[in-house]
Structure formats: structure tokens, C-alpha cells
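Q: Once you've had a glance at the structure underneath, I'll fire off some questions.
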Amino acid sequence: MNHVERVAALIIASAIFPCEWAGKFLARIAGRKAAAATLAGLVMALAAAGLNAQTDCLACHGDKTMQDANGHSIAVDGQKFSASIHGSLQCNSCHEDIKEYPHPGHIAPVDCKKCHADEGTKLAGSVHADGKDHPCTSCHGDAHSIFPKSDARSAVYPLNIPKTCGTCHGNDGMAQKHGLASVYPHYIDSIHGFALSKEGLLVAANCQSCHGSHGILSHNDPKSPTFKANIPKTCGSCHAKIEDDYESGAHGHEIAKGNLKAPVCTDCHTAHAILQPTESEFRMQSTPICGSCHKDKLSTYRDTFHSQLGSLGGYVETARCWDCHGAHQILPASDPRSPVAKANLIATCGRCHAGANASFVQYQPHANAHDRKLNPALFYVRLFMNLLLASVLTFFVIHTALWLIRSRFDQVKRKSANGGKNA
Amino acid sequence: MPDQEQLTIEAAQQKPAEGRFFVRFTREQRYMHAALFSSFLGLAATGLPLRFSESIWARGLAGAVGGFGAILFFHKFCALVLSVAFLIHVREIFLRGIVRREKGIFWGSTSMVANWKDVKDMFGHMRWFLGLGPKPQFERYAYWEKFDYWAVFWGMIVIGFSGYAMWFAPFFARFLPGWALNAALVIHSEEGLLAILFIFSIHFVNTHLRPDSFPMDMVIFTGVESEEEFAHKRPIEYARLKKEGKLEQRIGTAPATWYVNFSKIVGFTAIFIGLTLLVLTLTAYFK
């Protein structure tokens, strides 16, 4: 339709203005398309003033191959545009500086804030405020085919958001320019990413669920939903029960008191590469995370069979920190609700060790064989074993080394006794 | 010089056996040793990745043994094999020593029990190392062989008991205090480490790699040794048997070539695995 219109306009133009030669001349110096478009636009403005502005503009801009002097496409897909959320608007509702034809060769960038003032204000205060590209279209996609976020064609439809954000946050250039890690690959392989990309779950957390959209703030900003102290609330907007548990536990208490050294969700689960907690990879990586603060506990845990078996990988069943201490509602052993409170030990150990009894649970999962005051029996057992090992080996290493030297000496001197002849 | 000597030795070993052969170990004793070293290698190969689970090779070795879940399974399987071998041995001692009242089991020149001669031999041997005295003359079992025997005997009781205590922890907790379960791992892993270091270095050298037996003492596989070797290694036993007129009773048959070759393959494989595990242990220990 647009093409036909354009051709018609050209025919009218050549009839009214005997200057087709001029068009051809212009076409030679400035590029055929642009020149033809200029000519056609001129005609339209004069001959068809008062027609629907969309149709008028598309008479030229409907040509898919249309480019400006710099070679950038200035074509508009009329069908897509009329289907888009802005389809009912006129071109110059946004391109306000175009009042008449011919319009200037260079027109001002569209200011979306005129209508979307709230979003504009939020964006201006966000980390994306100084973006060089058009701040709106970077995320919402092609300006002439913006769809509502509930529409699967929208670049900000929940299932499309990671890809949209990933165009910048998925490459290493970003890391070099802004010191930001490439998070898209981490996210897309995470439990949220899988739920979203594989299962198509609209409720799965996407970038925007945690970071917000227009007013994205740095995680260093106390107002940001990804600021450490706000993270439990942010995750809790979906994981409500876990947030409750967390807040009643020791770590939650510390965060509430303002101790930002205490871990929040992301310290254990990571921010983007979140794994299914029952997965062996998660079980493998999390013990050192707890141990990064609880260093003495990690080192004594390392001495136990739980750790030895668990460190080999692939095996998920051996007890890790949270199997005994709980994951979210972590409470000190002095709290009767804690799974490691004395009264609860038989039940806690019994989850893996069927038949655990009162004597069994005296086992110390964090015993320190090097601490004479804390674990005297274990200390002396270890000392005895170490001395036994050292003395036996020292004696026999010396004994055997001397023997070897002496035997070899004899062998060379007497050329005898070499090799058993029993075979 | 040594190279040429080595060639001569190898040539000598290739030649069919000559002369008389004497039985040192019975078929049962050789099978016992085979059961012992195969299960021990299995225990070491599956135990070391646990003992040094933080080391760089632990995960790889765990994988090579058959994936993670297989590690404990193989460890427990080998433990059962070794336990059965141990019980068979204890039963044999009981039958021979207590029931049949066989002489020389608990004392005397052929017993495994240490005696005053062993103490004298040990000091005498060390004086000889330093060139301060003559080489002691050994009986059927020399002092280091007795030490090997008792080290394994004690080791099996200690490692076995602590191992079963961990395997069946809730059961053992009925009559053991809680800290004993902590101690069990310390004892099990330290004693296991001692066994591994001792067998793969001291026992290998004392018994197989020293010049008198290099590269391997085949007697534990073939059961027999040549008259010359018998007289050289255990002159007192040789002399005693000769004096008692019992030497002829011990005459055995020369081993078949295929059996010797087969034993060599098995033996060298065991020594190779052992030395590899020794190197891994040392790298993890001194990292």
C-alpha cells in the first residue's frame, strides 16, 4: 500500500512539477533514495495537506530501504507501528519538531518524558541516567514497535527481559568499561534463568524483579532493592516464608541490627548464578561460603569424616553446615528451637543416622584434636598416633637406608648376593 | 659395571632353575598374602582420597576408582575381605597353637613371637650397617619380618575396630562414649597412613627392593627358594634343618615358568600401585 502510494505521489509530482530531471540530478549527488523521498515528501506536503499524518509520513518512511545521509535506516514498518502500543498516535505526537513539509534533515530525538514523566524522573536518578544511546529504546526496543510489557512481542516482556538486559550485561566489554561483571550467562544458567527460559514461568525472577526497571540503583545505594540490607525483603517478595525464617534467625537479627557483615540471601546463594540447593554443585560450593566467616568451624569440620567424604564431590548426602544448623532460621545451640540444641540432637543426627542415641550424639562434629582443653581425650589420642607414626617411620627409614647402602657396598665389593635365585 | 652385572643377573633369571628348591611358604600362606595385599591396595586407593580429600588428586582418584559413590563401597568391600582373611588367620593360629598344640607357634626358633635373639640381631644388624661388626645370622623369621607381621596384626585390629566403629556408629555408640567416635577417625586415618607409608616404603625396600632380593622376592608367590638363597638369607635355619636332618622334608619343586611370569606381573603391578600411592600421599602430606 505504502509503495503504491509513493509511486502515485511520484506520478502526481512529475505531472505538476516538470522537474523530474532535477530529482534525477539530486539522486546522482545525494543518493537516489533520499532524493526521491525528498521529492515525494514535497509533493505530499503540498498536494495532500490535511491527510492522516501517519499515512503521509509512511508514504516515504514506509520504504524499508530508506536511509538518512549517514546510512542509518529511517524506515518505519507501518503495520508493526499501528499494532504497537503507540499505534493510535500521530508521528508528530512524538516527533514534535516536524510541523510541516519539507521537514528539516536533522530532527530532535524524541523525548518520551513528555508523556512518561514518572519513568523519566526515575531513569534520571538511576544508574542508566548517563546512557549515550536513547535511554528508552535501549530496553524497550525499536521505537516504532513498542508493545506493552504483558505482550510477548515486547522487549520487556518477562521472558524477554534477560535477553534485553543481557545485550549490555552479557558481554565482557561492559566489565571493562564499567567494572560490572557479565551477569547474563550466570543468570541464564541459574534456577531462575532455567525456570524462565526453559519452563517459561512468568513468575520466575527476571532482572527487573530484583533490580527494578526505570529507577535502577547501584547496590551500594541504601535505597536500592539490591542493597545488602534490603536483599531479604527483595527476595522475600517471592520467597515469603524463607524471608520470615531468615529474619527470625541469627543472620537476620544481625542484619536488622545494622551489622552488614552478616550474610543475606545472595551471600550463600549468589546473586545471579543461583542453583537449586539440593544440587551437588551448590552443596559443594556453600560450605566454604559459611566458612569464610566461621573460619574455626570450617577448619574443625574439615577434620571430620563428613567433610572428607563431602569434599570429594558428586556426593550430596554427607552433612554440610545447613544440614545440621538449618539454612535460613539459623539459631544458636542455646536456643531450644535450634536443630543443634541439645534436646534436638537425636532428631537432627537421626535424619541421616538411623538409630542415633544419646551417646551417639555426643560425637562432636567440630572437635578440635589440637585443643587440649576443649577435647583432651582426642588431643592425647592424636598425639599418641602422631608420635607412633613419627617414631616408627623415623626408625625404619634410617634403618632401611643404612641397610641399602651397606648391602650395595657389599654387593659391589664382593659381586655377590644379588637377586633371588628362587625363581 | 652395574649395568653389565644387571644383564648377567637377568640372564641368570631367564635360565631354567637349577638345583634344589626349598619350601618357605605354604599355598595357604601365599594366598593369605595375596588376599592381604590386594585388599590392602584397594583400601589404600579408596582411603587416601578420603584422608586427603582437599588435595588436588583426591577427586580425580575418587573418579578413577569408579565415581564417588563407589569409594565407600569399595573401601568397605576390601575391609570385609581383609577382615575375613584376618579371622581365617586367627583361626589357624588357634587351631595350630591351642587345639593341635603344634610346637613352635608361640615360642622357639620358628615362632613369630619376638625373642631375645631378635633384639640382639637388630642391634647386630645395625652395627653391621655401620661396619662395626659381622652380619648377624638369621633364623626362619628375621626381626624386621616379625615387625612387619605384628605391625600388620596390630594395624588390622586398630584400623579394623575404628573402621567398624564408624561404619556402625549408632551401634557402637551404645557402649562407647561420644568422643570415641571422634577418636575413631583420628586413629583410623593415622594408623592407616602409617600402614600405607610403612608398607609402600619400608616393607617394599626391606623385602623386595634391597640388593639381596632386587627387584622382587618371588618366594611369597612361588613359595620356594633356591638352596643357595635359603642358605644365604637364613643360614641358622638352614644349618638347624640340616643338623636335625629335616632339610629334605622341605624340598619343593621348581616353579613353572608361566607361574613365575604371572607372579611377576602381579607383583610388579602391586609395587607400582603402591609406589604411586606413596608419591601421592607424600605430595599431599608435604604440600
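Chain labels run A, B, ... following the order of the C-alpha cells; each chain numbers its residues from 1, and ligands are numbered from 1 in the order shown.
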Which residues are close to stretch 148-153 of chain B, i.e. within 9 Å by only C-alpha atoms, leaving aside same-chain residues fewer than 4 positions away? Reply as a list of chain:residue names.
A: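 Selected residues are B:Phe86, B:Met112, B:Val113, B:Tyr143, B:Trp144, B:Ile157, B:Val158, B:Ala195, B:Phe198, B:Ile199, B:His203.
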Q: Would you put the residues from that selection into a file with C-alpha atoms, as a short mmCIF file (atom, residue, chain, number, x, y, z; two decimals), in the first residue's frame?
A:
data_model
loop_
_atom_site.label_atom_id
_atom_site.label_comp_id
_atom_site.auth_asym_id
_atom_site.auth_seq_id
_atom_site.Cartn_x
_atom_site.Cartn_y
_atom_site.Cartn_z
CA PHE B 86 42.34 -61.88 59.39
CA MET B 112 56.54 -65.17 65.02
CA VAL B 113 56.85 -64.05 68.63
CA TYR B 143 63.40 -59.35 63.36
CA TRP B 144 62.14 -56.98 60.61
CA ILE B 157 42.88 -54.73 64.93
CA VAL B 158 43.23 -50.99 65.39
CA ALA B 195 50.40 -48.64 57.32
CA PHE B 198 55.32 -48.31 56.06
CA ILE B 199 54.26 -50.96 53.55
CA HIS B 203 58.32 -53.22 53.51
#
Q: Give me, as an MDAnalysis selection string, all polymer residues having an atom no more than 8 Å from A:Ala155, counting only C-alpha atoms and skipping those fewer than 5 positions away in the same chain.
A: chainID A and resid 139:141 146:147 149 160:161 164
Q: Tell me, in Å to one decimal, how far atom CA of A:Lys261 is from atom CA of A:Pro288.
A: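 Calculated distance between atom CA of A:Lys261 and atom CA of A:Pro288 is 16.0 Å.
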Q: Can you list, as a PDB file with C-alpha atoms, in the first residue's frame, every protein, DNA or RNA residue that comes within 10 Å of stretch 252-258 of chain A when you count only C-alpha atoms, leaving out same-chain residues fewer than 4 positions away?
A:
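Output file part.pdb is given in full below:
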ATOM      1  CA  LYS A 228      22.651  -5.671  51.178  1.00  0.00           C
ATOM      2  CA  ALA A 229      20.211  -4.834  53.951  1.00  0.00           C
ATOM      3  CA  ASN A 230      17.287  -4.771  51.505  1.00  0.00           C
ATOM      4  CA  PRO A 232      15.997 -10.284  52.220  1.00  0.00           C
ATOM      5  CA  GLU A 243      12.216 -14.407  54.494  1.00  0.00           C
ATOM      6  CA  ASP A 244      10.252 -14.993  57.695  1.00  0.00           C
ATOM      7  CA  ASP A 245      12.591 -17.816  58.699  1.00  0.00           C
ATOM      8  CA  TYR A 246      15.638 -15.777  57.832  1.00  0.00           C
ATOM      9  CA  GLU A 247      14.526 -12.773  59.806  1.00  0.00           C
ATOM     10  CA  SER A 248      13.918 -14.837  62.917  1.00  0.00           C
ATOM     11  CA  ALA A 262      26.073 -10.886  58.414  1.00  0.00           C
ATOM     12  CA  PRO A 263      25.105 -12.819  55.301  1.00  0.00           C
ATOM     13  CA  VAL A 264      21.959 -12.163  53.319  1.00  0.00           C
ATOM     14  CA  CYS A 265      20.396 -14.408  50.681  1.00  0.00           C
ATOM     15  CA  HIS A 328      17.534 -19.786  56.936  1.00  0.00           C
ATOM     16  CA  GLN A 329      16.422 -19.796  60.523  1.00  0.00           C
ATOM     17  CA  ILE A 330      19.888 -20.376  61.952  1.00  0.00           C
TER      18      ILE A 330
END
Q: Compile the contact shell of stretch 273-276 of chain B as a ChimeraX atom specification: residues with an atom at most 8 Å away, counting only C-alpha atoms, same-chain residues fewer than 5 positions apart removed.
A: /B:41,200-201
